[in-house]
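To start, the structure under review is shown below, and the notes come after it.
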Amino acid sequence: MKSGLAVGVDLGGTTVKAGLVSSEGMIVSSAKLPTLAAEGPDAVIGQIEKAVRHLLGSTREQVLGVGIGTPGVVSYDGVVKYPPNLPGWTEVHLGEVLSKRIGLPVAVENDANAAAIAESRFGSGKGELNFLSVVWGTGVGGGIILGGKIYRGPFGGAGEIGHTTIKYDGPVCNCGNRGCVEAFVGQRYLSQRAIERVENDPKSKILELVNGDFNRVEPAVLSAAAEAGDPVARDLLVEAGTLLGVAFASGLNLLDLRLVVMGGGVSAAPEFVYDAIRSSVRERVLTPLKPGVRVVRAALGNEAGILGAAALILDPSVSPSGLK
Ligand SMILES: [Zn+2]
């Protein structure tokens with residue numbers, strides 16, 4: 001880890017979050033701006049630049065560079081390809097453009113990979129050389145840490161555990177395929193399945209919690225309903241955990257890994273969901289690979305994106321992505 005500061009940027013479909021980060025993983029100051037995604041790539045890059053300049057302020061001499069976590073596949077030369085939720089982006093040379101504008105090195109990485117890097121350097125995966133990192137939220141993102149580095153694959157697209165097929169003729173996923181684990185447990189799909197099961201049930205705790213407004217049914221509501229004893233909510237969440245476990249076991253078997261670190265908005269689920277994941281994983285991981293298999297909660301919450309992006313600069317050995 002280099003000594004100094006780095007700016008970490010977490011580029012999302014609605015918000016650009018940025019932080020000035022120390023080599024110990026402390027966020028010294030932060031900034032938040034709307035992404036302006038609907039206005040296209042130039043507007044979005046302008047917002048990133050604005051957030052970065054705000055943070056640089058008087059500490060510019062101590063800042064080593066800027067790391068960015070973005071949706072989409074990121075090639076080795078910092079080109080962002082087809083990010084979901086960013087309309088008009090086909091292939092954008094984000095690293096190069098931003099580096100020219102602000103005069104500092106810029107490193108770009110996929111957002112789920114950035115979260116994996118953050119947990120590896122500052123969170124639940126600290127000290128672990130090899131693990132699978134999962135971000136359970138709107139979608140199901142993944143990142144693979146191998147030998148203490150992010151595994152990006154030959155073209156930068158590795159780690160898509162969310163698009164592991166768990167039912168070949170299952171529901172259509174956002175990616176266009178059928179039966180991906182994301183198409184069962186991603187936030188929107190999970191909420192939709194909850195609505196289908198309770199819409200005709202006047203005694204549902206889920207409907208009571210949202211005052212009958214289907215638009216407000218989301219995983220946090222399911223968690224609250226399950227904890228209040230609602231059997232439908234509990235069943236749905238146990239089922240989601242079981243299905244996630246099926247995908248995780250495939251990942252662990254494929255890569256000979258023993259640890260899954262899970263974060264993301266939906267990952268704040270009750271412990272019984274983790275128990276369902278763990279028993280599903282234990283059932284399906286090959287016997288010789290079973291000893292020491294663990295599924296743990298990520299430690300860094302909403303800050304993982306910023307911290308992982310900053311780590312690209314503070315510890316460049318973590319990712320071979322193209323530094324501009
Ligand atoms: Zn998919």
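Naming works like this for the structure tokens: A, B, ... for the chains as they're shown, residue 1 at the start of each chain, ligands 1 onward in shown order.
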Within 10 Å of Val172 (chain A), counting only C-alpha atoms, which residues show up once you throw out same-chain ones fewer than 4 positions away? Write them as a CSV table (one decimal) with N, CA, C and O atoms, in the first residue's frame, please.
```csv
chain,number,residue,atom,x,y,z
A,176,GLY,N,-30.7,-11.0,-20.9
A,176,GLY,CA,-31.3,-11.7,-22.1
A,176,GLY,C,-31.3,-13.2,-22.0
A,176,GLY,O,-32.1,-13.8,-22.7
A,177,ASN,N,-30.5,-13.8,-21.1
A,177,ASN,CA,-30.5,-15.2,-20.9
A,177,ASN,C,-31.7,-15.6,-20.0
A,177,ASN,O,-32.3,-14.8,-19.4
A,178,ARG,N,-31.9,-16.9,-19.9
A,178,ARG,CA,-32.9,-17.5,-19.1
A,178,ARG,C,-32.3,-18.1,-17.8
A,178,ARG,O,-31.3,-18.8,-17.9
A,179,GLY,N,-33.0,-18.0,-16.7
A,179,GLY,CA,-32.7,-18.8,-15.5
A,179,GLY,C,-31.4,-18.4,-14.8
A,179,GLY,O,-30.9,-19.2,-14.0
A,180,CYS,N,-30.9,-17.2,-15.0
A,180,CYS,CA,-29.7,-16.8,-14.2
A,180,CYS,C,-30.1,-16.6,-12.8
A,180,CYS,O,-31.3,-16.3,-12.5
A,182,GLU,N,-29.6,-14.2,-10.9
A,182,GLU,CA,-30.0,-12.8,-10.8
A,182,GLU,C,-31.5,-12.7,-11.1
A,182,GLU,O,-32.3,-11.9,-10.5
A,183,ALA,N,-32.0,-13.5,-12.1
A,183,ALA,CA,-33.4,-13.5,-12.5
A,183,ALA,C,-34.3,-14.1,-11.4
A,183,ALA,O,-35.6,-14.0,-11.5
A,184,PHE,N,-33.8,-14.7,-10.4
A,184,PHE,CA,-34.6,-15.2,-9.3
A,184,PHE,C,-34.4,-14.3,-8.0
A,184,PHE,O,-35.4,-14.1,-7.3
```
Practice task
Fewer than 3 positions away in the same chain doesn't count, so skip those; otherwise give me all residues within 10 Å of Val217 (chain A), counting only C-alpha atoms, as a list in words.
Solution key: Gln187, Arg188, Leu190, Ser191, Gln192, Ala194, Ile195, Ile206, Leu207, Leu209, Val210, Asn211, Gly212, Asp213, Phe214, Ala220, Val221 and Leu222 of chain A
Can you write just those residues out, all heavy atoms, as a CSV table (one decimal), in the first residue's frame?
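Output contents, as saved in result-v2.csv:
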```
chain,number,residue,atom,x,y,z
A,187,GLN,N,-33.1,-7.8,-6.8
A,187,GLN,CA,-34.1,-7.0,-6.0
A,187,GLN,C,-35.5,-7.0,-6.7
A,187,GLN,O,-36.5,-7.3,-6.1
A,187,GLN,CB,-33.6,-5.6,-5.8
A,187,GLN,CG,-34.5,-4.8,-4.9
A,187,GLN,CD,-33.7,-3.6,-4.3
A,187,GLN,OE1,-32.5,-3.5,-4.4
A,187,GLN,NE2,-34.4,-2.7,-3.7
A,188,ARG,N,-35.5,-6.6,-8.0
A,188,ARG,CA,-36.7,-6.4,-8.7
A,188,ARG,C,-37.5,-7.7,-8.8
A,188,ARG,O,-38.7,-7.8,-8.6
A,188,ARG,CB,-36.4,-5.8,-10.1
A,188,ARG,CG,-37.6,-5.5,-10.9
A,188,ARG,CD,-37.2,-4.5,-12.0
A,188,ARG,NE,-36.0,-5.0,-12.8
A,188,ARG,CZ,-36.2,-5.7,-13.9
A,188,ARG,NH1,-37.3,-6.0,-14.4
A,188,ARG,NH2,-35.1,-6.0,-14.6
A,190,LEU,N,-37.2,-10.5,-7.0
A,190,LEU,CA,-37.6,-11.0,-5.7
A,190,LEU,C,-38.8,-10.2,-5.3
A,190,LEU,O,-39.8,-10.9,-4.8
A,190,LEU,CB,-36.4,-10.7,-4.7
A,190,LEU,CG,-36.5,-11.4,-3.4
A,190,LEU,CD1,-36.6,-12.9,-3.5
A,190,LEU,CD2,-35.2,-11.1,-2.5
A,191,SER,N,-38.9,-8.9,-5.4
A,191,SER,CA,-40.1,-8.2,-5.1
A,191,SER,C,-41.3,-8.6,-5.9
A,191,SER,O,-42.4,-8.7,-5.4
A,191,SER,CB,-39.8,-6.7,-5.3
A,191,SER,OG,-38.7,-6.2,-4.6
A,192,GLN,N,-41.0,-8.8,-7.2
A,192,GLN,CA,-42.1,-9.2,-8.1
A,192,GLN,C,-42.7,-10.6,-7.6
A,192,GLN,O,-43.9,-10.8,-7.6
A,192,GLN,CB,-41.6,-9.3,-9.5
A,192,GLN,CG,-42.7,-9.6,-10.6
A,192,GLN,CD,-43.8,-8.6,-10.5
A,192,GLN,OE1,-43.6,-7.4,-10.3
A,192,GLN,NE2,-45.0,-9.1,-10.6
A,194,ALA,N,-42.6,-11.8,-4.7
A,194,ALA,CA,-43.4,-11.6,-3.4
A,194,ALA,C,-44.8,-11.0,-3.7
A,194,ALA,O,-45.8,-11.5,-3.1
A,194,ALA,CB,-42.6,-10.6,-2.5
A,195,ILE,N,-44.9,-10.1,-4.6
A,195,ILE,CA,-46.2,-9.5,-5.0
A,195,ILE,C,-47.1,-10.6,-5.5
A,195,ILE,O,-48.3,-10.7,-5.1
A,195,ILE,CB,-46.0,-8.4,-6.0
A,195,ILE,CG1,-45.3,-7.2,-5.3
A,195,ILE,CG2,-47.4,-7.9,-6.6
A,195,ILE,CD1,-44.8,-6.1,-6.3
A,206,ILE,N,-46.6,-8.6,4.7
A,206,ILE,CA,-45.9,-7.8,3.7
A,206,ILE,C,-46.8,-6.6,3.2
A,206,ILE,O,-46.3,-5.4,3.2
A,206,ILE,CB,-45.5,-8.7,2.5
A,206,ILE,CG1,-44.6,-9.8,2.9
A,206,ILE,CG2,-44.8,-7.8,1.4
A,206,ILE,CD1,-44.3,-10.9,1.9
A,207,LEU,N,-48.0,-6.9,2.9
A,207,LEU,CA,-48.9,-5.9,2.4
A,207,LEU,C,-49.2,-4.9,3.5
A,207,LEU,O,-49.4,-3.7,3.2
A,207,LEU,CB,-50.2,-6.5,1.8
A,207,LEU,CG,-50.0,-7.3,0.5
A,207,LEU,CD1,-51.4,-7.7,0.0
A,207,LEU,CD2,-49.3,-6.4,-0.5
A,209,LEU,N,-47.2,-3.9,5.9
A,209,LEU,CA,-46.0,-3.0,6.0
A,209,LEU,C,-46.0,-2.0,5.0
A,209,LEU,O,-45.4,-0.9,5.2
A,209,LEU,CB,-44.7,-3.9,6.0
A,209,LEU,CG,-44.5,-4.7,7.3
A,209,LEU,CD1,-43.3,-5.6,7.1
A,209,LEU,CD2,-44.2,-3.8,8.5
A,210,VAL,N,-46.5,-2.2,3.8
A,210,VAL,CA,-46.4,-1.2,2.7
A,210,VAL,C,-47.8,-0.6,2.4
A,210,VAL,O,-48.0,0.1,1.4
A,210,VAL,CB,-45.9,-1.9,1.4
A,210,VAL,CG1,-44.5,-2.4,1.5
A,210,VAL,CG2,-46.9,-3.0,0.9
A,211,ASN,N,-48.7,-0.7,3.4
A,211,ASN,CA,-50.0,-0.2,3.3
A,211,ASN,C,-50.7,-0.5,2.0
A,211,ASN,O,-51.4,0.3,1.3
A,211,ASN,CB,-50.0,1.4,3.4
A,211,ASN,CG,-49.8,1.8,4.8
A,211,ASN,OD1,-50.4,1.1,5.7
A,211,ASN,ND2,-49.1,2.9,5.1
A,212,GLY,N,-50.5,-1.8,1.5
A,212,GLY,CA,-51.1,-2.2,0.3
A,212,GLY,C,-50.5,-1.7,-1.0
A,212,GLY,O,-51.0,-2.0,-2.1
A,213,ASP,N,-49.4,-0.9,-0.9
A,213,ASP,CA,-48.8,-0.3,-2.1
A,213,ASP,C,-47.7,-1.3,-2.6
A,213,ASP,O,-46.6,-1.4,-2.1
A,213,ASP,CB,-48.2,1.0,-1.7
A,213,ASP,CG,-47.5,1.7,-2.9
A,213,ASP,OD1,-47.5,1.1,-4.0
A,213,ASP,OD2,-47.0,2.9,-2.7
A,214,PHE,N,-48.1,-2.0,-3.7
A,214,PHE,CA,-47.1,-3.0,-4.3
A,214,PHE,C,-45.8,-2.4,-4.7
A,214,PHE,O,-44.7,-3.0,-4.6
A,214,PHE,CB,-47.7,-3.6,-5.6
A,214,PHE,CG,-48.9,-4.5,-5.3
A,214,PHE,CD1,-49.8,-4.8,-6.3
A,214,PHE,CD2,-49.1,-5.1,-4.0
A,214,PHE,CE1,-50.9,-5.7,-6.0
A,214,PHE,CE2,-50.1,-5.9,-3.8
A,214,PHE,CZ,-51.1,-6.2,-4.8
A,220,ALA,N,-36.0,-5.3,1.8
A,220,ALA,CA,-36.0,-4.8,3.2
A,220,ALA,C,-37.4,-5.1,3.9
A,220,ALA,O,-37.4,-5.4,5.1
A,220,ALA,CB,-35.6,-3.4,3.4
A,221,VAL,N,-38.4,-4.9,3.1
A,221,VAL,CA,-39.8,-5.1,3.6
A,221,VAL,C,-40.0,-6.6,3.9
A,221,VAL,O,-40.5,-7.0,4.9
A,221,VAL,CB,-40.9,-4.6,2.7
A,221,VAL,CG1,-42.2,-5.1,3.1
A,221,VAL,CG2,-40.8,-3.1,2.6
A,222,LEU,N,-39.5,-7.4,3.0
A,222,LEU,CA,-39.6,-8.9,3.2
A,222,LEU,C,-38.8,-9.3,4.4
A,222,LEU,O,-39.3,-10.1,5.2
A,222,LEU,CB,-39.0,-9.7,2.0
A,222,LEU,CG,-39.6,-9.4,0.6
A,222,LEU,CD1,-38.9,-10.3,-0.5
A,222,LEU,CD2,-41.1,-9.7,0.6
```
Practice task
Go through A:Asn174, A:Asn110, A:Ser58, A:Thr15 one by one, measure the shortest atom-to-atom distance of each to Lys81 (chain A) using only C-alpha atoms, and give the residue with the smallest value.
Solution key: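 Ranking A:Asn174, A:Asn110, A:Ser58, A:Thr15 by distance to Lys81 (chain A), first place goes to A:Asn110.
If only C-alpha atoms are the atoms counted, then among A:Pro202, A:Gly57, A:Gly139, A:Gly12 the closest residue to Leu86 (chain A) is A:Gly12.
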Practice task
May I have the residues within 12 Å of Ser250 (chain A) as a list in words, using only C-alpha atoms and disregarding those fewer than 6 positions away in the same chain?
Solution key: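 So, after excluding close chain neighbours, the residues are Leu132, Glu160, Ile161, Gly162, His163, Thr164, Thr165, Ile166, Val181, Leu243, Leu244, Asp256, Leu257, Arg258, Val260, Ser280, Val281, Arg282, Glu283, Arg284, Val285, Leu286 and Leu289 of chain A.
Minimum atom-to-atom distances from A:Glu199, A:Gly88, A:Ser267, A:Val97 to Asn215 (chain A) were compared using only C-alpha atoms, and the lowest value belongs to A:Glu199.
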Handout entry: Residues within 7 Å of region 119-131 of chain A, only C-alpha atoms, excluding chain neighbours under 5 positions, as number ranges by chain
Key = A: 25, 144-148, 257-261, 298-300
Problem - For ligand 1, the nearest of the candidates A:Met262, A:Ala115, A:Asn253, A:Gly141, counting only C-alpha atoms and all ligand atoms - result: A:Gly141
Practice task
From a DSSP pass on the backbone, collect the residues of region 7-205 of chain A flagged as alpha helix (DSSP H) and hand them back as number ranges by chain.
Solution key: A: 41-56, 94-102, 111-122, 182-185, 187-198, 205
Handout entry: Computed interatomic separation between CA of Leu20 (chain A) and CA of Ala269 (chain A) (Å)
Key = 29.7 Å
Handout entry: Backbone-only DSSP, strand (DSSP E) members of region 76-259 of chain A, as a count of residues only
Key = 25
Problem - Nearest to Arg53 (chain A), chosen from A:Val185, A:Ile102, A:Leu252, A:Val140, with only C-alpha atoms counted in the distances - result: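 The closest residue to Arg53 (chain A) is A:Ile102.
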